[in-house]
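J.: Data file upload-v2.cif (mmCIF, C-alpha atoms) is appended below.
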data_start
loop_
_atom_site.label_atom_id
_atom_site.label_comp_id
_atom_site.auth_asym_id
_atom_site.auth_seq_id
_atom_site.Cartn_x
_atom_site.Cartn_y
_atom_site.Cartn_z
CA MET A 853 67.61 90.08 76.97
CA LEU A 854 66.73 91.49 80.37
CA ARG A 855 63.77 89.75 81.99
CA THR A 856 61.92 91.55 84.73
CA LYS A 857 58.66 90.81 86.43
CA CYS A 858 56.00 93.43 85.94
CA THR A 859 52.89 94.06 87.98
CA ASN A 860 49.61 95.02 86.39
CA GLN A 861 47.46 96.00 89.36
CA VAL A 862 45.05 98.93 89.51
CA ILE A 863 43.15 100.17 92.58
CA LEU A 864 40.77 103.10 92.12
CA THR A 865 38.06 104.64 94.27
CA GLY A 866 35.39 106.70 92.55
CA PHE A 867 31.74 107.07 91.61
CA VAL A 868 29.67 105.03 89.17
CA GLY A 869 28.95 107.36 86.27
CA GLU A 870 25.87 105.79 84.73
CA LYS A 871 23.67 102.72 84.77
CA VAL A 872 25.56 99.41 84.73
CA ASP A 873 25.36 97.64 81.35
CA HIS A 874 24.75 93.94 82.09
CA ARG A 875 24.52 91.24 79.46
CA LYS A 876 25.08 87.55 78.88
CA VAL A 877 27.91 86.63 76.50
CA LYS A 878 29.09 83.33 75.05
CA GLY A 879 25.91 81.64 76.11
CA ASP A 880 25.36 82.27 79.79
CA ILE A 881 28.39 84.20 81.10
CA SER A 882 27.52 87.46 82.86
CA LYS A 883 29.41 90.61 81.91
CA ALA A 884 28.84 94.02 83.52
CA THR A 885 30.38 97.26 82.26
CA PHE A 886 30.27 100.62 84.00
CA PHE A 887 32.22 103.86 84.07
CA LEU A 888 34.06 104.99 87.17
CA GLY A 889 34.44 108.75 87.65
CA LEU A 890 37.31 110.11 89.73
CA PRO A 891 37.13 113.78 90.73
CA TYR A 892 40.25 115.89 91.08
CA GLU A 893 40.90 119.58 91.72
CA GLU A 894 42.17 121.70 88.83
CA GLY A 895 42.73 125.17 90.19
CA ASP A 896 39.42 126.36 91.60
CA ARG A 897 37.21 123.81 89.83
CA THR A 898 36.59 120.06 90.01
CA GLU A 899 37.44 117.98 86.95
CA TRP A 900 36.64 114.33 86.33
CA GLU A 901 38.55 111.49 84.73
CA THR A 902 36.58 108.45 83.68
CA HIS A 903 37.63 104.81 83.41
CA ALA A 904 35.72 101.91 81.86
CA VAL A 905 35.38 98.89 84.17
CA GLU A 906 34.39 95.35 83.17
CA SER A 907 33.43 92.59 85.58
CA TRP A 908 32.54 88.98 84.86
CA ARG A 909 30.39 86.13 86.18
CA GLY A 910 29.29 86.43 89.83
CA LEU A 911 30.97 89.81 90.29
CA ALA A 912 29.08 91.10 87.24
CA ASP A 913 25.79 89.93 88.73
CA LEU A 914 26.61 91.70 92.03
CA CYS A 915 27.46 94.93 90.19
CA LYS A 916 24.18 94.74 88.29
CA SER A 917 22.14 94.25 91.45
CA LYS A 918 23.90 96.78 93.70
CA LEU A 919 25.34 99.63 91.63
CA THR A 920 23.54 102.71 90.39
CA LYS A 921 24.73 106.08 89.16
CA GLY A 922 26.50 107.88 92.00
CA SER A 923 27.43 104.79 94.04
CA LYS A 924 30.93 105.07 95.51
CA VAL A 925 33.08 102.00 94.93
CA LEU A 926 36.64 100.75 95.17
CA VAL A 927 37.72 98.76 92.10
CA GLN A 928 40.74 96.48 92.08
CA GLY A 929 41.85 94.76 88.91
CA GLN A 930 44.10 94.77 85.89
CA LEU A 931 44.52 97.28 83.10
CA ARG A 932 43.56 95.78 79.74
CA LEU A 933 43.74 96.95 76.13
CA SER A 934 41.32 95.73 73.49
CA ARG A 935 42.21 96.25 69.80
CA TRP A 936 40.13 95.74 66.68
CA THR A 937 39.59 97.03 63.15
CA ASP A 938 36.34 98.91 62.50
CA ALA A 939 34.05 98.68 59.47
CA ASN A 940 36.16 101.34 57.68
CA GLU A 941 39.32 99.25 58.14
CA GLN A 942 40.63 101.71 60.76
CA PRO A 943 42.46 100.33 63.81
CA GLN A 944 40.66 101.03 67.09
CA SER A 945 41.53 100.43 70.72
CA ARG A 946 39.95 100.76 74.13
CA GLN A 947 41.61 100.70 77.52
CA TYR A 948 39.63 99.37 80.49
CA ILE A 949 39.98 97.85 83.93
CA GLU A 950 39.09 94.19 84.29
CA ALA A 951 37.78 94.10 87.86
CA GLU A 952 38.82 91.32 90.19
CA ARG A 953 37.16 92.95 93.19
CA VAL A 954 34.56 95.67 93.68
CA GLU A 955 34.01 97.02 97.18
CA PHE A 956 30.70 98.79 97.67
CA ILE A 957 31.55 101.85 99.80
CA SER A 958 28.27 103.76 99.60
CA LEU A 959 25.33 102.67 97.51
CA LYS A 960 22.67 104.94 96.08
CA PRO A 961 19.15 103.52 96.40
CA LYS A 962 17.75 102.06 93.20
CA SER A 963 14.69 103.75 91.77
CA ASP A 964 12.53 103.35 88.67
CA SER A 965 14.02 106.55 87.21
CA THR A 966 17.51 104.97 87.28
CA ASP A 967 16.38 102.24 84.90
CA SER A 968 15.27 104.73 82.24
CA GLU A 969 18.56 106.69 82.06
#
Take the structure in this file and express it as structure tokens.
T.:
Amino acid sequence: MLRTKCTNQVILTGFVGEKVDHRKVKGDISKATFFLGLPYEEGDRTEWETHAVESWRGLADLCKSKLTKGSKVLVQGQLRLSRWTDANEQPQSRQYIEAERVEFISLKPKSDSTDSE
């Protein structure tokens, strides 16, 4: 059997697509989830690909306090795959990036209207 080392490292720069979902899990552990939009040119129009990003603990708290829709960020982390069976016994999966680092490139000011989206 051939053994090789593999690297699971993702670095993306894009824009926060919506309000950051922040919650406490397993008691008091912070978890923040947001979607990162990456624009690209397709002919004469701009298309977007979107990636789910999860951050944990102190990084999750920073994302909650600093990020709003439209903020430009660099995300560095690992690609993860979550699998489960839904209520109809159908297998489901979701791919996401587990962030190890989030660099705040340009932040949009927070406003009351952001909280209601």
J.: Tell me, as a PyMOL selection string, which residues lie within 12 Å of Glu870 in chain A, counting all atoms listed in the file; anything in the same chain fewer than 6 positions away does not count.
T.: chain A and resi 885-889+902-905+916+919-924+960+966-969
J.: For Leu914 in chain A, which residue out of A:Lys871, A:Thr859, A:Ala884, A:Trp936 is the nearest one, using all atoms listed in the file?
T.: A:Ala884
J.: Given the file shown, determine the residues that the PyMOL selection byres ((chain A and resi 947) around 7) selects; report them as a PyMOL selection string.
T.: chain A and resi 932-934+945-946+948
J.: At what distance in Å, to one decimal, does CA of Pro891 in chain A lie from CA of Asp913 in chain A?
T.: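 So the two atoms, CA of Asp913 in chain A and CA of Pro891 in chain A, lie 26.5 Å apart.
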J.: I'd like the interatomic distance between CA of Lys883 in chain A and CA of Leu931 in chain A, to a tenth of an Å.
T.: 16.6 Å
J.: Starting from the point (49.7, 96.1, 91.4), work out which residues of protein, DNA or RNA have an atom no more than 10 Å away when counting only C-alpha atoms; state them as a list in words.
T.: Cys858, Thr859, Asn860, Gln861, Val862, Ile863, Gln928, Gly929, Gln930 and Leu931 of chain A
J.: For this structure, which residues satisfy the selection - the PyMOL selection byres ((chain A and resi 907) around 9) - when it is evaluated on the file as given? I want them as number ranges by chain.
T.: A: 882-886, 905-906, 908-913, 915, 949-954
J.: Do you have the CA of Asp873 in chain A-CA of Leu926 in chain A distance handy?
T.: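 Between CA of Asp873 in chain A and CA of Leu926 in chain A the gap works out to 18.1 Å.
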J.: Of the residues A:Tyr892, A:Gly879, A:Pro961, A:Glu899, which is the one nearest to Lys918 in chain A, using all atoms listed in the file?
T.: A:Pro961
